[in-house]
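J.: Input model-v9.tsv, format and content: TSV, C-alpha atoms.
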chain	number	residue	atom	x	y	z
P	293	MET	CA	85.45	-68.59	-1.40
P	294	ASP	CA	83.66	-67.08	-4.40
P	295	LEU	CA	81.35	-64.18	-3.63
P	296	THR	CA	80.50	-63.39	-7.25
P	297	HIS	CA	76.80	-62.38	-7.48
P	298	HIS	CA	76.72	-61.49	-3.77
P	299	PHE	CA	76.11	-58.26	-1.92
P	300	LEU	CA	78.68	-56.78	0.42
P	301	ILE	CA	76.80	-54.81	3.08
P	302	ALA	CA	78.91	-52.28	4.97
P	303	MET	CA	78.99	-52.69	8.73
P	304	PRO	CA	78.34	-49.51	10.77
P	305	GLY	CA	82.02	-49.29	11.76
P	306	LEU	CA	83.04	-48.81	8.11
P	307	GLU	CA	83.36	-45.03	8.00
P	308	ASP	CA	85.06	-44.52	4.63
P	309	GLU	CA	82.97	-41.88	2.80
P	310	MET	CA	82.50	-44.04	-0.31
P	311	PHE	CA	81.59	-47.21	1.55
P	312	ALA	CA	79.76	-46.06	4.69
P	313	LYS	CA	76.31	-47.69	4.69
P	314	SER	CA	76.91	-49.01	1.18
P	315	VAL	CA	75.75	-52.09	-0.65
P	316	VAL	CA	78.24	-53.39	-3.22
P	317	TYR	CA	77.20	-55.88	-5.88
P	318	LEU	CA	80.18	-58.18	-6.58
P	319	CYS	CA	80.52	-58.76	-10.31
P	320	GLU	CA	83.64	-60.87	-9.96
P	321	HIS	CA	85.55	-62.53	-7.11
P	322	SER	CA	88.49	-64.86	-7.48
P	323	GLN	CA	91.86	-65.56	-5.91
P	324	ARG	CA	93.21	-62.51	-7.80
P	325	GLY	CA	90.76	-60.14	-6.11
P	326	ALA	CA	87.26	-58.74	-6.46
P	327	LEU	CA	85.39	-56.17	-8.53
P	328	GLY	CA	82.00	-54.69	-7.72
P	329	LEU	CA	79.67	-51.73	-8.05
P	330	VAL	CA	78.11	-49.72	-5.22
P	331	ILE	CA	74.36	-49.85	-5.93
P	332	ASN	CA	73.03	-47.34	-3.39
P	333	LYS	CA	75.12	-44.17	-3.78
P	334	PRO	CA	73.55	-42.00	-6.49
P	335	SER	CA	75.52	-39.12	-7.95
P	336	ASP	CA	74.04	-35.70	-8.69
P	337	ILE	CA	73.65	-36.49	-12.40
P	338	ASN	CA	70.94	-38.53	-14.08
P	339	LEU	CA	70.95	-40.53	-17.29
P	340	THR	CA	69.63	-37.58	-19.31
P	341	ASN	CA	72.73	-35.59	-18.26
P	342	LEU	CA	75.05	-38.53	-18.96
P	343	PHE	CA	73.66	-39.12	-22.43
P	344	GLU	CA	74.01	-35.42	-23.24
P	345	LYS	CA	77.69	-35.62	-22.21
P	346	VAL	CA	78.35	-38.57	-24.52
P	347	GLU	CA	76.35	-36.85	-27.27
P	348	LEU	CA	73.62	-39.47	-27.58
P	349	PRO	CA	69.86	-38.98	-27.43
P	350	LEU	CA	67.99	-40.97	-24.76
P	351	MET	CA	64.82	-42.42	-26.23
P	352	ARG	CA	63.96	-44.40	-23.10
P	353	GLU	CA	61.51	-42.20	-21.16
P	354	ASP	CA	61.62	-44.67	-18.25
P	355	LEU	CA	65.34	-43.97	-17.74
P	356	ARG	CA	65.52	-40.18	-18.10
P	357	GLU	CA	65.50	-39.34	-14.37
P	358	THR	CA	67.38	-42.46	-13.26
P	359	PRO	CA	70.50	-41.48	-11.30
P	360	VAL	CA	74.03	-42.38	-12.31
P	361	PHE	CA	75.70	-44.08	-9.35
P	362	HIS	CA	79.10	-43.73	-7.69
P	363	GLY	CA	80.20	-47.30	-8.35
P	364	GLY	CA	83.43	-46.98	-6.42
P	365	PRO	CA	86.67	-45.04	-6.18
P	366	VAL	CA	88.48	-46.68	-9.14
P	367	GLN	CA	88.31	-45.14	-12.65
P	368	THR	CA	85.59	-42.66	-11.69
P	369	GLU	CA	85.64	-41.12	-15.17
P	370	ARG	CA	84.63	-44.43	-16.77
P	371	GLY	CA	81.10	-45.82	-17.11
P	372	PHE	CA	79.98	-49.28	-16.05
P	373	VAL	CA	76.55	-50.61	-17.01
P	374	LEU	CA	75.09	-53.40	-14.89
P	375	HIS	CA	72.16	-54.97	-16.72
P	376	GLU	CA	70.14	-58.08	-17.32
P	377	ALA	CA	71.87	-60.54	-19.64
P	378	LEU	CA	71.12	-60.11	-23.34
P	379	TYR	CA	71.82	-62.68	-25.99
P	380	ALA	CA	71.84	-62.55	-29.76
P	381	ALA	CA	68.42	-62.99	-31.37
P	382	GLY	CA	67.52	-66.63	-31.84
P	383	ASP	CA	69.88	-67.94	-29.16
P	384	THR	CA	67.94	-70.32	-26.95
P	385	ALA	CA	70.94	-71.46	-24.93
P	386	LYS	CA	73.02	-68.99	-22.98
P	387	PRO	CA	76.08	-68.25	-25.10
P	388	ASP	CA	79.49	-67.32	-23.82
P	389	GLU	CA	79.24	-63.95	-25.58
P	390	SER	CA	77.05	-60.97	-24.94
P	391	VAL	CA	75.62	-58.85	-27.71
P	392	PHE	CA	77.90	-56.01	-26.55
P	393	ALA	CA	81.61	-55.62	-27.31
P	394	SER	CA	83.05	-55.49	-23.78
P	395	THR	CA	80.93	-57.41	-21.30
P	396	LEU	CA	81.56	-59.50	-18.21
P	397	THR	CA	78.93	-62.24	-17.87
P	398	ILE	CA	78.01	-62.75	-14.23
P	399	PRO	CA	76.41	-65.95	-12.94
P	400	GLY	CA	72.89	-65.09	-11.85
P	401	GLY	CA	71.63	-63.57	-15.09
P	402	LEU	CA	73.45	-60.23	-15.09
P	403	GLU	CA	76.17	-58.66	-17.19
P	404	MET	CA	78.44	-55.66	-16.70
P	405	THR	CA	79.26	-53.80	-19.90
P	406	THR	CA	81.91	-51.12	-20.33
P	407	SER	CA	81.66	-50.54	-24.08
P	408	LYS	CA	79.71	-47.62	-25.52
P	409	ASP	CA	77.51	-49.89	-27.66
P	410	VAL	CA	75.21	-50.55	-24.69
P	411	LEU	CA	74.62	-46.78	-24.40
P	412	VAL	CA	73.96	-46.58	-28.14
P	413	ALA	CA	71.38	-49.37	-27.80
P	414	LEU	CA	69.71	-47.56	-24.89
P	415	SER	CA	69.75	-44.28	-26.80
P	416	THR	CA	67.64	-45.82	-29.57
P	417	GLY	CA	65.08	-47.19	-27.14
P	418	MET	CA	66.52	-50.71	-27.30
P	419	GLY	CA	69.04	-52.50	-25.10
P	420	PRO	CA	68.49	-54.07	-21.72
P	421	ARG	CA	65.24	-53.27	-19.94
P	422	LYS	CA	66.81	-53.02	-16.47
P	423	VAL	CA	70.06	-51.10	-16.04
P	424	LEU	CA	72.18	-49.51	-13.34
P	425	ILE	CA	74.85	-47.16	-14.67
P	426	SER	CA	77.77	-46.11	-12.51
P	427	LEU	CA	80.88	-44.06	-12.84
P	428	GLY	CA	83.77	-45.91	-11.27
P	429	TYR	CA	83.97	-49.29	-9.63
P	430	SER	CA	85.15	-50.90	-6.42
P	431	ALA	CA	88.13	-53.24	-6.43
P	432	TRP	CA	90.07	-55.36	-3.97
P	433	GLY	CA	93.46	-56.93	-4.63
P	434	GLU	CA	94.44	-60.49	-3.84
P	435	GLY	CA	93.35	-61.35	-0.28
P	436	GLN	CA	92.23	-57.77	0.48
P	437	LEU	CA	88.48	-58.46	0.58
P	438	GLU	CA	89.00	-61.60	2.64
P	439	SER	CA	91.00	-59.53	5.12
P	440	GLU	CA	88.21	-56.91	5.33
P	441	LEU	CA	85.66	-59.68	5.87
P	442	ALA	CA	87.79	-61.11	8.70
P	443	GLU	CA	87.85	-57.62	10.27
P	444	ASN	CA	84.01	-57.54	10.20
P	445	SER	CA	83.88	-54.62	7.78
P	446	TRP	CA	81.28	-56.33	5.60
P	447	LEU	CA	78.36	-58.71	5.79
P	448	THR	CA	77.75	-60.90	2.75
P	449	VAL	CA	74.59	-62.37	1.27
P	450	GLY	CA	73.58	-63.82	-2.08
P	451	ALA	CA	72.39	-61.02	-4.36
P	452	ASP	CA	68.73	-60.41	-5.13
P	453	ILE	CA	68.32	-58.69	-8.50
P	454	ALA	CA	65.12	-57.00	-7.24
P	455	VAL	CA	67.20	-55.03	-4.72
P	456	ILE	CA	69.33	-53.64	-7.56
P	457	PHE	CA	66.63	-52.79	-10.07
P	458	ASP	CA	63.25	-52.67	-8.32
P	459	THR	CA	64.00	-51.20	-4.87
P	460	PRO	CA	64.13	-47.43	-4.28
P	461	VAL	CA	67.74	-46.33	-3.71
P	462	GLU	CA	67.15	-45.17	-0.14
P	463	GLN	CA	65.78	-48.63	0.81
P	464	ARG	CA	68.51	-50.80	-0.73
P	465	TYR	CA	70.71	-51.00	2.38
P	466	ASP	CA	67.82	-52.09	4.59
P	467	ARG	CA	66.49	-54.51	1.95
P	468	ALA	CA	69.93	-56.12	1.61
P	469	LEU	CA	70.11	-56.55	5.39
P	470	LYS	CA	66.65	-58.15	5.36
P	471	LEU	CA	68.03	-60.86	3.06
P	472	LEU	CA	70.03	-61.90	6.16
P	473	GLY	CA	67.01	-61.53	8.44
P	474	LEU	CA	68.48	-58.38	9.97
P	475	GLU	CA	67.29	-54.82	10.60
P	476	SER	CA	69.77	-51.93	10.63
P	477	TRP	CA	69.28	-51.38	14.39
P	478	MET	CA	70.46	-54.96	15.00
P	479	VAL	CA	73.87	-54.40	13.39
P	480	GLN	CA	76.44	-53.11	15.84
P	481	PRO	CA	79.61	-51.18	14.89
P	482	MET	CA	81.92	-53.34	16.99
P	483	ALA	CA	81.94	-57.05	17.68
P	484	GLY	CA	81.39	-57.87	21.34
P	485	ARG	CA	83.75	-59.90	23.49
P	486	ALA	CA	82.69	-62.30	26.19
Could I get this file's structure written as structure tokens?
T.:
Amino acid sequence: MDLTHHFLIAMPGLEDEMFAKSVVYLCEHSQRGALGLVINKPSDINLTNLFEKVELPLMREDLRETPVFHGGPVQTERGFVLHEALYAAGDTAKPDESVFASTLTIPGGLEMTTSKDVLVALSTGMGPRKVLISLGYSAWGEGQLESELAENSWLTVGADIAVIFDTPVEQRYDRALKLLGLESWMVQPMAGRA
């Protein structure tokens, strides 16, 4: 099972503060484990504040009030930038390398960058057009996510980039459920037994 480029949608019974009613975008999933970013839990700081902290100007007016997200409970002091894939100028085929120093290429047209060069590009008004910046990430060890799925902690569905970048934060949970044809009132905290 490979759930890379899928959403994990928290079931109502998942009461952990970080993950209750969360939508996690899975950047990587393999036999070794999984890594993802929560896309619907904004922090109390925006990108203007973040760029001030890293001592960079922010020339992108469209991003100034964009929230920084709580991506998960692991390495919460570290930034993770989920963005549309960028390739070196003139590349017509998709290369194996991003234009940024430390980037994970995700099938589905996205990348996750952890190097500061993506922030430098954004600060000059360049860089990816669509971005989601989080502090921290979510991780599962070998077999851990599969175990949580078997316990009905999560629903899964193929990711829709529009939910990440074009949907208001407060609507992302419901929009992710709609990808499965579900409404939030239809999802029960406990599985029934006949």
J.: So what do you get for CA of Ser476 in chain P versus CA of Leu327 in chain P, distance-wise?
T.: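 Value for the CA of Ser476 in chain P-CA of Leu327 in chain P distance: 25.1 Å.
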J.: Name the closest residue to Glu320 in chain P among the candidates P:Glu344, P:Glu443, P:Asp409, P:Glu403; distances are taken between atoms, counting all atoms listed in the file.
T.: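 That would be P:Glu403, the residue with the smallest distance to Glu320 in chain P.
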J.: Identify, on the basis of all atoms listed in the file, every residue whose closest approach to Gly363 in chain P does not exceed 6 Å; exclude the query and any residue fewer than 2 positions from it along the same chain; express the result as a PyMOL selection string.
T.: chain P and resi 329-330+361+426-429
J.: Let me make sure I understand: among P:Ser445, P:Gln367, P:Pro399, P:Asp466, which one has the smallest atom-to-atom distance to Gln480 in chain P if we use all atoms listed in the file?
T.: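 Among the listed residues, P:Ser445 lies closest to Gln480 in chain P.
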J.: Between P:Ile331, P:Val346, P:Thr397, P:Leu300, which one has atoms that come closest to Thr459 in chain P, using all atoms listed in the file?
T.: P:Ile331
J.: Name the closest residue to Pro460 in chain P among the candidates P:Ser415, P:Ser407, P:Thr358, P:Ser335; distances are taken between atoms, counting only C-alpha atoms.
T.: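 Once distances to Pro460 in chain P are computed over only C-alpha atoms, the minimum belongs to P:Thr358.
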J.: Quick one: pull the distance between CA of Val412 in chain P and CA of Arg352 in chain P, Å, one decimal.
T.: 11.4 Å
J.: Calculated over all atoms listed in the file, which of the candidates P:Ser322, P:Thr405, P:Thr448, P:Thr340 has the smallest distance to Ala431 in chain P?
T.: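 Ranking P:Ser322, P:Thr405, P:Thr448, P:Thr340 by distance to Ala431 in chain P, first place goes to P:Ser322.
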J.: Using only C-alpha atoms, determine which residues lie at most 10 Å from Met293 in chain P, disregarding the query and same-chain residues fewer than 6 positions distant; provide the list as an MDAnalysis selection string.
T.: chainID P and resid 321:323 438
J.: Select, from P:Arg370, P:Ala451, P:Gln436, P:Pro420, the residue with the minimum atom-to-atom distance to Thr406 in chain P, counting only C-alpha atoms.
T.: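 The closest residue to Thr406 in chain P is P:Arg370.
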J.: For CA of Leu396 in chain P and CA of Thr416 in chain P, determine how far apart the two atoms are, in Å to one decimal place.
T.: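 About the pair CA of Leu396 in chain P and CA of Thr416 in chain P: they are 22.6 Å apart.
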J.: Mind listing whatever residues come within 8 Å of the point (85.3, -47.5, -1.5)? Use all atoms listed in the file, file coordinates, and give them as a PyMOL selection string.
T.: chain P and resi 308-311+364-365+430
J.: Near Trp432 in chain P, counting all atoms listed in the file, which residues have an atom at most 6 Å away, once you skip same-chain residues fewer than 2 positions from it, shown as a tab-separated table (two decimals) with C-alpha atoms, in the frame of the given file?
T.:
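Output file selection10.tsv follows:
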chain	number	residue	atom	x	y	z
P	325	GLY	CA	90.76	-60.14	-6.11
P	326	ALA	CA	87.26	-58.74	-6.46
P	436	GLN	CA	92.23	-57.77	0.48
P	437	LEU	CA	88.48	-58.46	0.58
